[in-house]
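Enquirer: Sharing target_26.cif here; it has mmCIF, C-alpha atoms and all ligand atoms.
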data_run
#
loop_
_atom_site.label_atom_id
_atom_site.label_comp_id
_atom_site.auth_asym_id
_atom_site.auth_seq_id
_atom_site.Cartn_x
_atom_site.Cartn_y
_atom_site.Cartn_z
CA MET A 1 -175.80 64.72 -99.78
CA ALA A 2 -172.05 64.09 -99.80
CA LYS A 3 -170.21 65.87 -96.98
CA ALA A 4 -167.64 68.11 -98.57
CA GLN A 5 -164.18 68.80 -97.18
CA LEU A 6 -162.13 71.63 -98.70
CA LEU A 7 -158.55 70.56 -98.03
CA PHE A 8 -155.55 72.91 -97.84
CA PRO A 9 -151.98 71.96 -98.82
CA PRO A 10 -149.99 70.17 -96.08
CA ASP A 11 -147.38 72.97 -95.86
CA PHE A 12 -149.94 75.80 -95.60
CA LEU A 13 -149.25 77.99 -92.55
CA TRP A 14 -152.10 78.45 -90.09
CA GLY A 15 -151.51 81.48 -87.95
CA THR A 16 -152.76 84.39 -85.93
CA ALA A 17 -151.44 87.96 -85.74
CA THR A 18 -150.82 90.66 -83.13
CA ALA A 19 -148.81 93.89 -82.83
CA ALA A 20 -146.54 94.89 -79.95
CA TYR A 21 -148.25 98.07 -78.81
CA GLN A 22 -151.66 96.43 -78.94
CA VAL A 23 -150.81 93.44 -76.74
CA GLU A 24 -147.70 94.10 -74.63
CA GLY A 25 -148.89 96.76 -72.17
CA ASN A 26 -147.05 99.65 -70.50
CA ASN A 27 -145.15 100.76 -73.61
CA LYS A 28 -144.30 104.04 -71.97
CA ASN A 29 -141.56 105.21 -74.35
CA SER A 30 -143.82 104.98 -77.36
CA ASP A 31 -145.49 107.94 -79.09
CA TRP A 32 -148.79 106.08 -78.71
CA TRP A 33 -148.51 106.08 -74.92
CA ALA A 34 -148.05 109.85 -74.85
CA TRP A 35 -150.85 110.28 -77.37
CA GLU A 36 -153.31 108.18 -75.37
CA GLN A 37 -152.98 110.47 -72.35
CA GLY A 38 -154.67 113.36 -74.19
CA ASP A 39 -158.40 113.80 -73.82
CA GLY A 40 -160.68 112.70 -76.67
CA ARG A 41 -158.07 110.99 -78.80
CA ILE A 42 -159.11 107.41 -78.14
CA LEU A 43 -162.77 106.43 -78.28
CA GLN A 44 -164.32 106.67 -74.82
CA ASN A 45 -160.87 107.80 -73.58
CA HIS A 46 -159.82 104.18 -73.22
CA LYS A 47 -156.24 103.45 -72.18
CA SER A 48 -154.04 100.59 -73.33
CA GLY A 49 -152.71 100.00 -69.79
CA LEU A 50 -151.63 96.38 -69.49
CA ALA A 51 -153.09 95.70 -72.95
CA SER A 52 -153.15 91.89 -73.24
CA ASN A 53 -150.26 91.60 -70.77
CA TRP A 54 -147.83 90.05 -73.26
CA TRP A 55 -144.76 91.74 -71.86
CA ALA A 56 -145.26 89.81 -68.65
CA ASN A 57 -146.90 86.70 -70.03
CA ALA A 58 -147.12 86.25 -73.80
CA GLU A 59 -146.59 82.58 -73.05
CA ALA A 60 -150.16 82.19 -71.75
CA ASP A 61 -151.60 83.15 -75.13
CA LEU A 62 -148.96 81.17 -77.01
CA ASP A 63 -150.18 78.12 -75.09
CA ILE A 64 -153.66 78.88 -76.40
CA ALA A 65 -152.33 79.37 -79.94
CA ALA A 66 -150.65 75.96 -79.74
CA GLU A 67 -153.82 74.35 -78.39
CA MET A 68 -155.68 75.92 -81.31
CA GLY A 69 -153.42 73.97 -83.64
CA THR A 70 -151.74 76.99 -85.25
CA ASN A 71 -148.17 76.64 -86.51
CA ALA A 72 -147.38 80.31 -87.21
CA HIS A 73 -147.82 83.67 -85.54
CA ARG A 74 -147.14 87.21 -86.69
CA LEU A 75 -145.99 89.60 -83.95
CA SER A 76 -144.15 92.92 -83.92
CA LEU A 77 -141.27 94.42 -81.97
CA GLU A 78 -141.66 97.73 -80.17
CA TRP A 79 -138.79 99.92 -81.35
CA SER A 80 -139.24 102.21 -78.33
CA ARG A 81 -138.48 99.31 -75.96
CA ILE A 82 -135.44 98.17 -77.89
CA GLU A 83 -133.98 101.66 -78.37
CA PRO A 84 -135.54 103.88 -75.70
CA GLU A 85 -133.04 106.66 -76.43
CA PRO A 86 -131.09 107.24 -79.64
CA SER A 87 -128.22 104.69 -79.83
CA VAL A 88 -129.06 103.26 -76.40
CA PHE A 89 -130.17 99.66 -76.82
CA ASN A 90 -131.95 97.91 -73.99
CA ASN A 91 -130.52 94.42 -73.55
CA ALA A 92 -133.22 93.37 -71.12
CA ALA A 93 -135.91 94.19 -73.68
CA LEU A 94 -134.02 92.30 -76.39
CA GLY A 95 -133.67 89.40 -73.94
CA ARG A 96 -137.41 89.34 -73.33
CA TYR A 97 -138.07 89.25 -77.08
CA ARG A 98 -135.67 86.29 -77.34
CA GLU A 99 -137.70 84.50 -74.67
CA ILE A 100 -140.97 85.16 -76.50
CA LEU A 101 -139.57 84.03 -79.86
CA GLN A 102 -138.05 80.94 -78.26
CA ALA A 103 -141.39 80.20 -76.57
CA MET A 104 -142.99 80.23 -80.02
CA HIS A 105 -140.43 77.82 -81.47
CA ASN A 106 -140.85 75.54 -78.45
CA ARG A 107 -144.55 75.30 -79.24
CA GLY A 108 -144.07 74.60 -82.96
CA ILE A 109 -145.19 78.13 -83.88
CA GLU A 110 -143.09 79.84 -86.56
CA PRO A 111 -142.60 83.56 -85.93
CA MET A 112 -143.14 86.23 -88.55
CA VAL A 113 -141.76 89.47 -87.10
CA THR A 114 -142.79 93.02 -88.04
CA LEU A 115 -140.21 95.72 -87.36
CA HIS A 116 -142.55 98.71 -87.53
CA HIS A 117 -146.23 98.45 -86.70
CA PHE A 118 -147.62 102.00 -86.33
CA SER A 119 -145.73 103.00 -83.14
CA ASN A 120 -142.48 104.97 -82.76
CA PRO A 121 -139.99 105.85 -80.03
CA LEU A 122 -140.82 109.30 -78.68
CA TRP A 123 -137.32 110.54 -79.51
CA LEU A 124 -137.85 109.72 -83.17
CA VAL A 125 -140.97 111.84 -83.29
CA GLU A 126 -138.98 114.75 -81.84
CA LYS A 127 -136.56 114.34 -84.73
CA GLY A 128 -139.37 114.55 -87.28
CA ASP A 129 -140.20 110.83 -87.68
CA PHE A 130 -140.91 109.73 -91.25
CA ASN A 131 -140.97 113.26 -92.56
CA SER A 132 -137.29 113.56 -91.86
CA LYS A 133 -134.81 111.71 -94.06
CA ILE A 134 -132.66 110.91 -91.03
CA VAL A 135 -135.21 108.22 -90.09
CA VAL A 136 -133.67 105.94 -92.73
CA ASP A 137 -130.33 105.66 -90.91
CA TYR A 138 -132.08 105.18 -87.59
CA PHE A 139 -134.33 102.46 -88.97
CA GLN A 140 -131.41 100.68 -90.58
CA ARG A 141 -129.45 100.76 -87.32
CA TYR A 142 -132.40 99.44 -85.31
CA THR A 143 -132.92 96.66 -87.88
CA ALA A 144 -129.24 95.71 -87.81
CA LYS A 145 -129.39 95.40 -84.01
CA VAL A 146 -132.45 93.17 -84.18
CA VAL A 147 -130.78 91.03 -86.86
CA ASP A 148 -127.68 90.60 -84.68
CA VAL A 149 -129.49 89.75 -81.46
CA LEU A 150 -132.67 88.00 -82.60
CA GLY A 151 -132.10 87.09 -86.24
CA ASP A 152 -131.39 83.40 -85.65
CA LEU A 153 -134.95 83.00 -84.33
CA ILE A 154 -136.76 84.86 -87.13
CA PRO A 155 -137.36 83.08 -90.44
CA LYS A 156 -139.89 85.58 -91.79
CA TRP A 157 -139.82 89.37 -91.59
CA ILE A 158 -142.15 92.25 -92.34
CA THR A 159 -140.33 95.57 -92.52
CA ILE A 160 -143.28 97.96 -92.24
CA ASN A 161 -146.93 97.33 -91.52
CA GLU A 162 -149.50 99.03 -93.76
CA PRO A 163 -147.47 102.07 -94.81
CA MET A 164 -150.39 103.71 -96.60
CA VAL A 165 -152.71 103.29 -93.61
CA TYR A 166 -150.01 104.77 -91.38
CA VAL A 167 -149.60 107.76 -93.70
CA PHE A 168 -153.34 108.26 -94.02
CA MET A 169 -154.15 107.97 -90.31
CA ARG A 170 -151.18 110.01 -89.17
CA TYR A 171 -150.88 112.82 -91.67
CA LEU A 172 -154.30 113.12 -93.29
CA ALA A 173 -156.85 111.91 -90.73
CA GLY A 174 -154.77 112.98 -87.71
CA ALA A 175 -156.24 110.04 -85.78
CA PHE A 176 -152.81 108.61 -84.93
CA PRO A 177 -150.07 110.44 -83.03
CA VAL A 178 -148.86 113.08 -83.29
CA GLY A 179 -152.14 114.29 -84.66
CA LYS A 180 -150.61 117.11 -86.62
CA HIS A 181 -152.71 117.60 -89.70
CA SER A 182 -149.72 118.26 -91.87
CA GLY A 183 -151.97 117.11 -94.69
CA TRP A 184 -150.84 116.11 -98.15
CA GLN A 185 -147.45 117.71 -97.72
CA GLY A 186 -146.71 115.49 -94.70
CA ALA A 187 -148.18 112.44 -96.37
CA LEU A 188 -146.33 112.82 -99.64
CA GLY A 189 -143.11 113.59 -97.76
CA ALA A 190 -143.38 110.45 -95.61
CA ILE A 191 -144.01 107.92 -98.40
CA PRO A 192 -140.54 108.13 -100.02
CA ASN A 193 -138.89 107.87 -96.60
CA LEU A 194 -140.98 104.84 -95.70
CA LEU A 195 -139.91 103.24 -98.98
CA ARG A 196 -136.27 104.08 -98.23
CA CYS A 197 -136.62 102.58 -94.74
CA HIS A 198 -138.10 99.44 -96.24
CA ALA A 199 -135.25 99.06 -98.72
CA ALA A 200 -132.60 99.74 -96.05
CA ALA A 201 -134.13 97.16 -93.70
CA TYR A 202 -134.55 94.58 -96.47
CA HIS A 203 -130.86 94.73 -97.34
CA ALA A 204 -129.71 94.90 -93.70
CA ILE A 205 -131.56 91.64 -93.05
CA LYS A 206 -130.53 89.83 -96.25
CA GLU A 207 -126.87 90.76 -95.87
CA LYS A 208 -126.60 88.82 -92.59
CA LEU A 209 -129.39 86.31 -93.11
CA PRO A 210 -129.59 85.45 -96.81
CA GLN A 211 -132.12 82.66 -96.16
CA ALA A 212 -134.57 84.96 -94.35
CA GLN A 213 -137.80 85.77 -96.15
CA VAL A 214 -138.52 89.50 -96.05
CA GLY A 215 -141.68 91.27 -97.14
CA ILE A 216 -144.18 93.98 -96.40
CA ALA A 217 -147.70 93.89 -94.94
CA LYS A 218 -149.90 95.76 -97.38
CA ASN A 219 -153.45 96.64 -96.47
CA MET A 220 -155.65 96.33 -99.54
CA ALA A 221 -159.33 97.16 -99.60
CA VAL A 222 -161.85 96.84 -102.38
CA LEU A 223 -162.39 100.50 -103.28
CA GLN A 224 -165.00 100.95 -105.96
CA ALA A 225 -167.70 103.24 -107.24
CA ARG A 226 -171.23 102.49 -106.11
CA PRO A 227 -173.13 100.27 -108.57
CA GLY A 228 -174.71 102.33 -111.34
CA SER A 229 -172.27 105.26 -110.97
CA SER A 230 -171.13 107.47 -113.83
CA ALA A 231 -167.99 106.79 -115.86
CA LEU A 232 -166.31 109.72 -114.10
CA SER A 233 -167.05 108.23 -110.65
CA ARG A 234 -165.67 104.90 -111.77
CA TRP A 235 -162.52 106.56 -113.10
CA TRP A 236 -162.07 108.43 -109.82
CA ALA A 237 -162.59 105.28 -107.74
CA GLY A 238 -159.98 103.55 -109.90
CA ARG A 239 -157.44 106.33 -109.18
CA VAL A 240 -158.13 106.18 -105.43
CA SER A 241 -157.82 102.40 -105.49
CA TRP A 242 -154.49 102.56 -107.35
CA LEU A 243 -153.13 105.20 -104.97
CA PHE A 244 -154.06 103.20 -101.87
CA ASN A 245 -153.65 99.64 -103.11
CA ASN A 246 -150.99 99.62 -105.81
CA MET A 247 -148.75 102.66 -105.76
CA TRP A 248 -146.57 101.40 -102.90
CA LEU A 249 -146.24 97.94 -104.43
CA ASP A 250 -145.42 99.33 -107.88
CA SER A 251 -142.67 101.48 -106.33
CA MET A 252 -141.28 98.50 -104.43
CA ALA A 253 -141.32 96.42 -107.62
CA ASN A 254 -139.79 99.05 -109.93
CA GLY A 255 -137.75 101.17 -107.54
CA ARG A 256 -139.45 104.34 -108.78
CA LEU A 257 -141.65 106.97 -107.24
CA TYR A 258 -144.84 107.79 -109.09
CA PHE A 259 -146.82 110.97 -109.53
CA PRO A 260 -148.01 112.63 -107.21
CA ILE A 261 -144.94 111.80 -105.13
CA GLY A 262 -142.32 112.52 -107.74
CA ARG A 263 -140.57 110.63 -110.46
CA ARG A 264 -137.25 109.80 -108.84
CA THR A 265 -135.63 106.39 -108.53
CA ILE A 266 -134.86 105.13 -105.03
CA PRO A 267 -131.57 103.23 -104.89
CA ASN A 268 -131.78 99.56 -103.83
CA LEU A 269 -135.57 99.57 -103.77
CA ALA A 270 -136.43 97.69 -106.97
CA GLY A 271 -137.42 94.10 -106.22
CA SER A 272 -136.63 94.40 -102.49
CA TYR A 273 -139.17 91.81 -101.32
CA ASP A 274 -139.37 88.03 -101.19
CA PHE A 275 -143.12 87.83 -100.53
CA ILE A 276 -146.14 90.07 -100.17
CA GLY A 277 -148.20 90.09 -96.98
CA LEU A 278 -151.81 90.98 -97.71
CA ASN A 279 -153.95 92.50 -94.95
CA TYR A 280 -157.55 92.30 -96.12
CA TYR A 281 -160.65 93.37 -94.24
CA THR A 282 -163.35 95.21 -96.18
CA ARG A 283 -164.98 96.81 -99.21
CA PHE A 284 -165.73 100.53 -99.36
CA TYR A 285 -167.51 102.72 -101.89
CA VAL A 286 -165.56 105.79 -102.98
CA ASN A 287 -167.41 109.12 -102.99
CA PHE A 288 -167.39 111.33 -106.05
CA PRO A 289 -167.06 114.22 -105.65
CA PRO A 290 -165.06 113.50 -102.46
CA PHE A 291 -166.67 116.37 -100.48
CA GLY A 292 -167.65 115.18 -97.05
CA GLY A 293 -165.18 112.27 -97.10
CA LEU A 294 -163.30 110.12 -99.53
CA LEU A 295 -165.13 106.94 -98.52
CA SER A 296 -168.86 106.53 -98.17
CA ASP A 297 -170.29 105.18 -94.93
CA GLU A 298 -173.57 104.27 -96.55
CA TRP A 299 -174.07 100.70 -97.67
CA GLU A 300 -176.15 98.99 -100.32
CA PRO A 301 -179.22 97.08 -99.07
CA GLY A 302 -178.24 93.67 -97.69
CA ALA A 303 -174.62 94.63 -96.96
CA VAL A 304 -173.21 93.08 -93.77
CA VAL A 305 -171.28 95.67 -91.77
CA SER A 306 -169.31 94.88 -88.61
CA ASP A 307 -169.05 96.69 -85.25
CA GLY A 308 -168.35 100.41 -85.38
CA ASN A 309 -169.07 100.76 -89.12
CA TYR A 310 -165.69 99.19 -89.83
CA GLY A 311 -166.57 98.47 -93.45
CA GLU A 312 -168.52 95.93 -95.45
CA ILE A 313 -167.78 92.24 -95.06
CA TYR A 314 -166.99 91.13 -98.59
CA PRO A 315 -165.21 87.75 -98.85
CA ALA A 316 -165.04 87.77 -102.66
CA GLY A 317 -162.80 90.83 -102.31
CA LEU A 318 -160.07 88.68 -100.78
CA PHE A 319 -159.92 86.63 -103.98
CA GLN A 320 -159.90 89.84 -106.03
CA MET A 321 -157.02 91.29 -104.02
CA ILE A 322 -155.04 88.04 -104.33
CA GLU A 323 -155.51 88.25 -108.10
CA ALA A 324 -154.40 91.89 -108.02
CA LEU A 325 -151.10 90.71 -106.47
CA LEU A 326 -150.32 88.11 -109.12
CA PRO A 327 -148.43 90.54 -111.42
CA TYR A 328 -145.85 91.03 -108.65
CA LYS A 329 -144.95 87.34 -109.03
CA LYS A 330 -144.11 86.58 -105.37
CA PRO A 331 -145.50 84.23 -102.75
CA ILE A 332 -148.46 85.71 -100.88
CA TYR A 333 -149.27 85.40 -97.18
CA ILE A 334 -152.53 86.70 -95.77
CA THR A 335 -150.88 88.56 -92.91
CA GLU A 336 -154.12 89.96 -91.45
CA ASN A 337 -157.81 89.24 -91.89
CA GLY A 338 -160.50 89.51 -89.25
CA VAL A 339 -163.59 91.29 -88.04
CA PRO A 340 -164.54 93.45 -85.04
CA ASP A 341 -167.37 91.46 -83.52
CA SER A 342 -167.57 91.39 -79.74
CA ALA A 343 -170.69 89.19 -79.81
CA ASP A 344 -168.97 86.69 -82.13
CA GLN A 345 -172.04 86.52 -84.34
CA LEU A 346 -170.33 87.30 -87.63
CA ARG A 347 -166.86 85.84 -87.09
CA PRO A 348 -167.58 82.10 -87.61
CA SER A 349 -169.06 82.74 -91.02
CA PHE A 350 -166.44 85.43 -91.75
CA LEU A 351 -163.69 82.88 -91.11
CA MET A 352 -165.18 80.18 -93.29
CA THR A 353 -166.12 82.41 -96.21
CA HIS A 354 -162.74 84.15 -96.32
CA LEU A 355 -160.81 80.90 -95.99
CA ARG A 356 -162.90 79.46 -98.77
CA GLU A 357 -161.74 82.30 -101.03
CA ILE A 358 -158.14 81.35 -100.17
CA TRP A 359 -158.87 77.70 -100.90
CA ARG A 360 -160.36 78.79 -104.25
CA ALA A 361 -157.24 80.88 -105.00
CA ILE A 362 -155.00 77.91 -104.19
CA SER A 363 -157.07 75.72 -106.49
CA PHE A 364 -156.14 78.15 -109.30
CA CYS A 365 -152.49 77.54 -108.28
CA TYR A 366 -152.17 81.10 -106.95
CA PRO A 367 -149.22 81.12 -104.53
CA VAL A 368 -151.03 81.74 -101.22
CA MET A 369 -148.80 80.16 -98.59
CA GLY A 370 -150.42 80.97 -95.24
CA TYR A 371 -153.09 82.77 -93.25
CA TYR A 372 -152.64 84.85 -90.07
CA HIS A 373 -155.98 85.70 -88.48
CA TRP A 374 -156.27 89.08 -86.80
CA SER A 375 -156.33 88.46 -83.94
CA LEU A 376 -155.52 85.72 -81.49
CA VAL A 377 -156.81 87.64 -78.49
CA ASP A 378 -158.71 90.94 -78.02
CA ASN A 379 -156.26 93.84 -77.91
CA PHE A 380 -156.02 97.61 -77.82
CA GLU A 381 -157.41 98.75 -81.16
CA TRP A 382 -155.53 102.07 -81.62
CA ASP A 383 -157.84 105.11 -81.78
CA ARG A 384 -160.84 102.80 -81.21
CA GLY A 385 -159.48 101.60 -77.88
CA TRP A 386 -161.25 98.56 -76.47
CA THR A 387 -164.46 99.25 -78.39
CA GLN A 388 -163.51 96.90 -81.20
CA ARG A 389 -162.86 93.26 -80.42
CA PHE A 390 -161.07 91.20 -83.03
CA GLY A 391 -160.00 88.24 -80.87
CA LEU A 392 -160.66 84.56 -81.40
CA ILE A 393 -160.21 84.67 -77.64
CA GLU A 394 -162.17 87.21 -75.62
CA LEU A 395 -160.23 89.27 -73.09
CA ASN A 396 -161.44 91.16 -70.07
CA PRO A 397 -158.73 93.85 -69.89
CA GLU A 398 -159.54 94.60 -66.23
CA THR A 399 -159.14 91.07 -64.91
CA GLN A 400 -157.03 89.69 -67.81
CA GLU A 401 -159.40 86.75 -67.92
CA ARG A 402 -159.58 84.90 -71.25
CA THR A 403 -162.60 83.11 -72.71
CA TRP A 404 -162.65 81.07 -75.91
CA ARG A 405 -165.10 82.42 -78.45
CA GLU A 406 -166.97 79.91 -80.60
CA SER A 407 -164.98 81.23 -83.56
CA GLY A 408 -161.81 80.27 -81.66
CA ARG A 409 -163.09 76.71 -81.41
CA LEU A 410 -164.00 76.77 -85.09
CA TYR A 411 -160.52 78.03 -86.05
CA ALA A 412 -159.01 75.27 -83.90
CA ASP A 413 -161.04 72.69 -85.84
CA ILE A 414 -159.92 74.25 -89.15
CA CYS A 415 -156.25 74.28 -88.12
CA HIS A 416 -156.30 70.73 -86.76
CA SER A 417 -158.11 69.33 -89.81
CA ARG A 418 -156.31 71.69 -92.24
CA SER A 419 -159.61 72.03 -94.02
CA LEU A 420 -163.07 73.55 -94.14
CA THR A 421 -165.70 70.92 -93.56
CA HIS A 422 -169.41 70.51 -93.89
CA ARG A 423 -169.46 69.43 -90.26
CA GLN A 424 -167.89 72.75 -89.14
CA ALA A 425 -170.56 74.67 -91.02
CA GLU A 426 -173.33 72.57 -89.43
CA LYS A 427 -171.94 73.33 -86.00
CA TYR A 428 -170.74 76.93 -86.28
CA ALA A 429 -172.28 78.60 -89.34
CA PRO A 430 -175.30 76.64 -90.64
CA GLU A 431 -176.29 79.59 -92.84
CA LEU A 432 -173.36 78.66 -95.09
CA LEU A 433 -174.47 75.10 -95.83
CA GLN A 434 -176.40 76.24 -98.87
CA THR A 435 -173.57 78.35 -100.22
CA ILE A 436 -169.93 77.55 -99.63
CA PHE A 437 -170.25 73.81 -100.13
CA ARG A 438 -172.34 74.20 -103.27
CA GLY A 439 -169.82 75.84 -105.55
CA GLU A 440 -171.30 79.32 -105.35
CA THR A 441 -169.35 82.26 -104.01
CA PRO A 442 -171.27 84.06 -101.27
CA ASP A 443 -171.33 87.80 -101.91
C1 LIG B 1 -154.91 96.75 -89.22
C2 LIG B 1 -153.74 96.97 -88.29
C3 LIG B 1 -153.83 96.16 -87.02
C4 LIG B 1 -155.23 96.17 -86.46
C5 LIG B 1 -156.21 95.74 -87.52
C6 LIG B 1 -157.64 95.66 -87.04
O1 LIG B 1 -155.04 97.84 -90.08
O2 LIG B 1 -152.54 96.61 -88.94
O3 LIG B 1 -152.90 96.67 -86.10
O4 LIG B 1 -155.53 97.43 -85.98
O5 LIG B 1 -156.15 96.64 -88.60
#
Produce structure tokens that represent the structure in this file.

Expert:
Amino acid sequence: MAKAQLLFPPDFLWGTATAAYQVEGNNKNSDWWAWEQGDGRILQNHKSGLASNWWANAEADLDIAAEMGTNAHRLSLEWSRIEPEPSVFNNAALGRYREILQAMHNRGIEPMVTLHHFSNPLWLVEKGDFNSKIVVDYFQRYTAKVVDVLGDLIPKWITINEPMVYVFMRYLAGAFPVGKHSGWQGALGAIPNLLRCHAAAYHAIKEKLPQAQVGIAKNMAVLQARPGSSALSRWWAGRVSWLFNNMWLDSMANGRLYFPIGRRTIPNLAGSYDFIGLNYYTRFYVNFPPFGGLLSDEWEPGAVVSDGNYGEIYPAGLFQMIEALLPYKKPIYITENGVPDSADQLRPSFLMTHLREIWRAISFCYPVMGYYHWSLVDNFEWDRGWTQRFGLIELNPETQERTWRESGRLYADICHSRSLTHRQAEKYAPELLQTIFRGETPD
């Protein structure tokens, strides 16, 4: 049998992704640090501590990323380090970020920088965080400072990571700080301010750096009714999916707020993005009626579910979500995709099947420009602490020792060859030989 090789375009970006709070360690001015100290908030009461020690030595993992053959990395800045008190900017922290960004350039790794990735300065929380309209001026000022000091090193920007996940986890689930269940009122109040912050940051960046590419990282999940459900269940699942997956993007495209948030227009919002970052992980079934939870944690027979019931592994959903982004008519980057799998049993096949969906999308001329795997190295997984391991590289947080996972070696082969090959499947995921190289889409 011929040995297939699924080639990617020469300018495709091969990357990995991390977030500041999850890897830097000792982020003591952040609301997450204060939150972690309370009992029962993080699974098994884990602490972030040194995290993956990036504040002291990001360079060690950047060496690994370079050895892996990646040419891009998505990281975030910790606002609470840069502005530990209102209007007080910390030059040493900005200097350290310059070093890290420069270290990436020196290794041929292009930075994509996220300004807000779930964590806030404590002082902002005291002022009401995203429920208070004043956040927009603060966010704009913080962005302008970053543009002035670091902008020359940052070609690609993400303003806000997963705004709808942030709103859901913070205001509705109460699993993120400050844990106030302010419910729908808090959630619906925060969304317009997050959109305003996005627009303000977009224009603050473009004004000084017109060549910069600025976008958003949008988590999208396949949210559907269970097979065989009633028409009403399917209608309901469609509404939930629109609310989570599309509402934010529609507002960003049109500049308008939609019901149930209101019907106002937000100045300077329409069209304020140069690309869309897609964070894709899982498929969920939506419960109807939603009593006992919006999403079902029961799976159909044969479903593959990762550590900690994180959701169903569903590679075809990545293609579906890429297609769902086509109407926005912008370049697409896969800014996160990965699986919690400490034993590394699922990840090799996860990598190949998801990348094959991207290859398929590119073969339809869909504008997918790059892939940032979550994550380069194990890191502190928010409310799930160290229980969920997403790294291509395994980390022992006690000793800070790193070990390459097999999936890390596989990703290195993919990045170096810029392709998916039959040989990789033979070596790392033989179960795929009968599927992904035979023209069928594995489900
Ligand atoms: C995403 C977050 C990222 C990480 C992954 C597993 O929702 O953006 O920080 O937690 O999930």

Enquirer: Using all atoms listed in the file for the distances, tell me which of A:Glu323, A:Asp148, A:Glu381, A:Glu83 is nearest to Ile362 of chain A.

Expert: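 Going through A:Glu323, A:Asp148, A:Glu381, A:Glu83 one by one, the smallest distance to Ile362 of chain A is for A:Glu323.
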
Enquirer: From the list A:Ser375, A:Ser296, A:Thr70, A:Thr353, which residue is nearest Ala19 of chain A when using only C-alpha atoms?

Expert: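 Of the candidates, the smallest distance to Ala19 of chain A is held by A:Ser375.
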
Enquirer: Taking only C-alpha atoms and all ligand atoms into account, report as number ranges by chain which residues have an atom no farther than 9 Å from an atom of ligand LIG 1 (chain B).

Expert: A: 17-19, 21-22, 117-118, 161-162, 165-166, 217-219, 279-281, 336-340, 374-375, 379-382, 384, 388-390

Enquirer: Restricting the calculation to only C-alpha atoms, which member of A:Val135, A:Tyr333, A:Ile261, A:Gly189 is positioned closest to Lys156 of chain A?

Expert: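 Of the candidates, the smallest distance to Lys156 of chain A is held by A:Tyr333.
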
Enquirer: Can you measure atom CA of Phe437 of chain A to atom CA of Phe319 of chain A for me? One decimal in Å is fine.

Expert: 16.9 Å

Enquirer: What is the distance, in Å and to one decimal place, between atom CA of Gly186 of chain A and atom CA of Tyr171 of chain A?

Expert: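 Straight-line distance from atom CA of Gly186 of chain A to atom CA of Tyr171 of chain A works out to 5.8 Å.
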
Enquirer: Using all atoms listed in the file, determine which residues lie at most 12 Å from segment 432-436 of chain A, disregarding the query and same-chain residues fewer than 2 positions distant; provide the list as a PyMOL selection string.

Expert: chain A and resi 1-6+315-316+346+348-357+359-360+420-430+438-443

Enquirer: Which of these residues is nearest to Met247 of chain A, using only C-alpha atoms: A:Met220, A:Leu318, A:Val23, A:Leu122?

Expert: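 Of A:Met220, A:Leu318, A:Val23, A:Leu122, the one nearest Met247 of chain A is A:Met220, counting only C-alpha atoms.
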
Enquirer: From the set A:Asn106, A:Gln345, A:Ser80, A:Ser233, which residue has the shortest atom-to-atom contact distance to Asp63 of chain A, counting only C-alpha atoms?

Expert: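 Counting only C-alpha atoms, the residue closest to Asp63 of chain A is A:Asn106.
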
Enquirer: Quick one: residues within 7 Å of Glu110 of chain A, all atoms listed in the file counted, chain neighbours fewer than 3 positions away excluded, as a PyMOL selection string?

Expert: chain A and resi 71-73+104-105

Enquirer: Given the selection you just returned, output its residues as a file containing C-alpha atoms, formatted as a PDB file, keeping the file's coordinate frame.

Expert:
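Result file part.pdb:
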ATOM      1  CA  ASN A  71    -148.170  76.640 -86.510  1.00  0.00           C
ATOM      2  CA  ALA A  72    -147.380  80.310 -87.210  1.00  0.00           C
ATOM      3  CA  HIS A  73    -147.820  83.670 -85.540  1.00  0.00           C
ATOM      4  CA  MET A 104    -142.990  80.230 -80.020  1.00  0.00           C
ATOM      5  CA  HIS A 105    -140.430  77.820 -81.470  1.00  0.00           C
TER       6      HIS A 105
END

Enquirer: My list of candidates is A:His181, A:Val88, A:Arg405, A:Gly370. Which is closest to Asp11 of chain A when distances are computed with only C-alpha atoms?

Expert: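 Once distances to Asp11 of chain A are computed over only C-alpha atoms, the minimum belongs to A:Gly370.
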
Enquirer: So the first atom is atom CA of Glu300 of chain A and the second is atom CA of Asn245 of chain A; what is the distance between them in Å, to one decimal place?

Expert: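 Going from atom CA of Glu300 of chain A over to atom CA of Asn245 of chain A, I get 22.7 Å.
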
Enquirer: Report as JSON, numbers by chain all protein, DNA and RNA residues lying within 12 Å of Arg196 of chain A, evaluated on only C-alpha atoms, omitting residues in the same chain fewer than 5 positions from it.

Expert: {"A": [130, 131, 132, 133, 134, 135, 136, 137, 138, 139, 140, 159, 160, 163, 189, 190, 191, 201, 202, 203, 248, 251, 252, 255, 256, 257, 265, 266, 267, 268, 269, 270, 272]}

Enquirer: Give me, as a list in words, all polymer residues having an atom no more than 7 Å from Glu78 of chain A, counting only C-alpha atoms and skipping those fewer than 3 positions away in the same chain.

Expert: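 Those residues are Ala20, Tyr21, Arg81 and Ile82 of chain A.
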
Enquirer: Please provide the set of residues having any atom within 12 Å of Lys206 of chain A, restricted to only C-alpha atoms, with same-chain residues fewer than 3 positions apart removed, written as a PyMOL selection string.

Expert: chain A and resi 143-144+147-148+151+155-157+159+199-203+209-215+272-274

Enquirer: Show me, as JSON, the centre and edge lengths in Å to one decimal of the axis-aligned box that covers every listed atom of segment 16-30 of chain A with 3 Å on each side.

Expert:
{"center_x": -147.2, "center_y": 94.8, "center_z": -78.2, "size_x": 17.2, "size_y": 26.8, "size_z": 21.4}
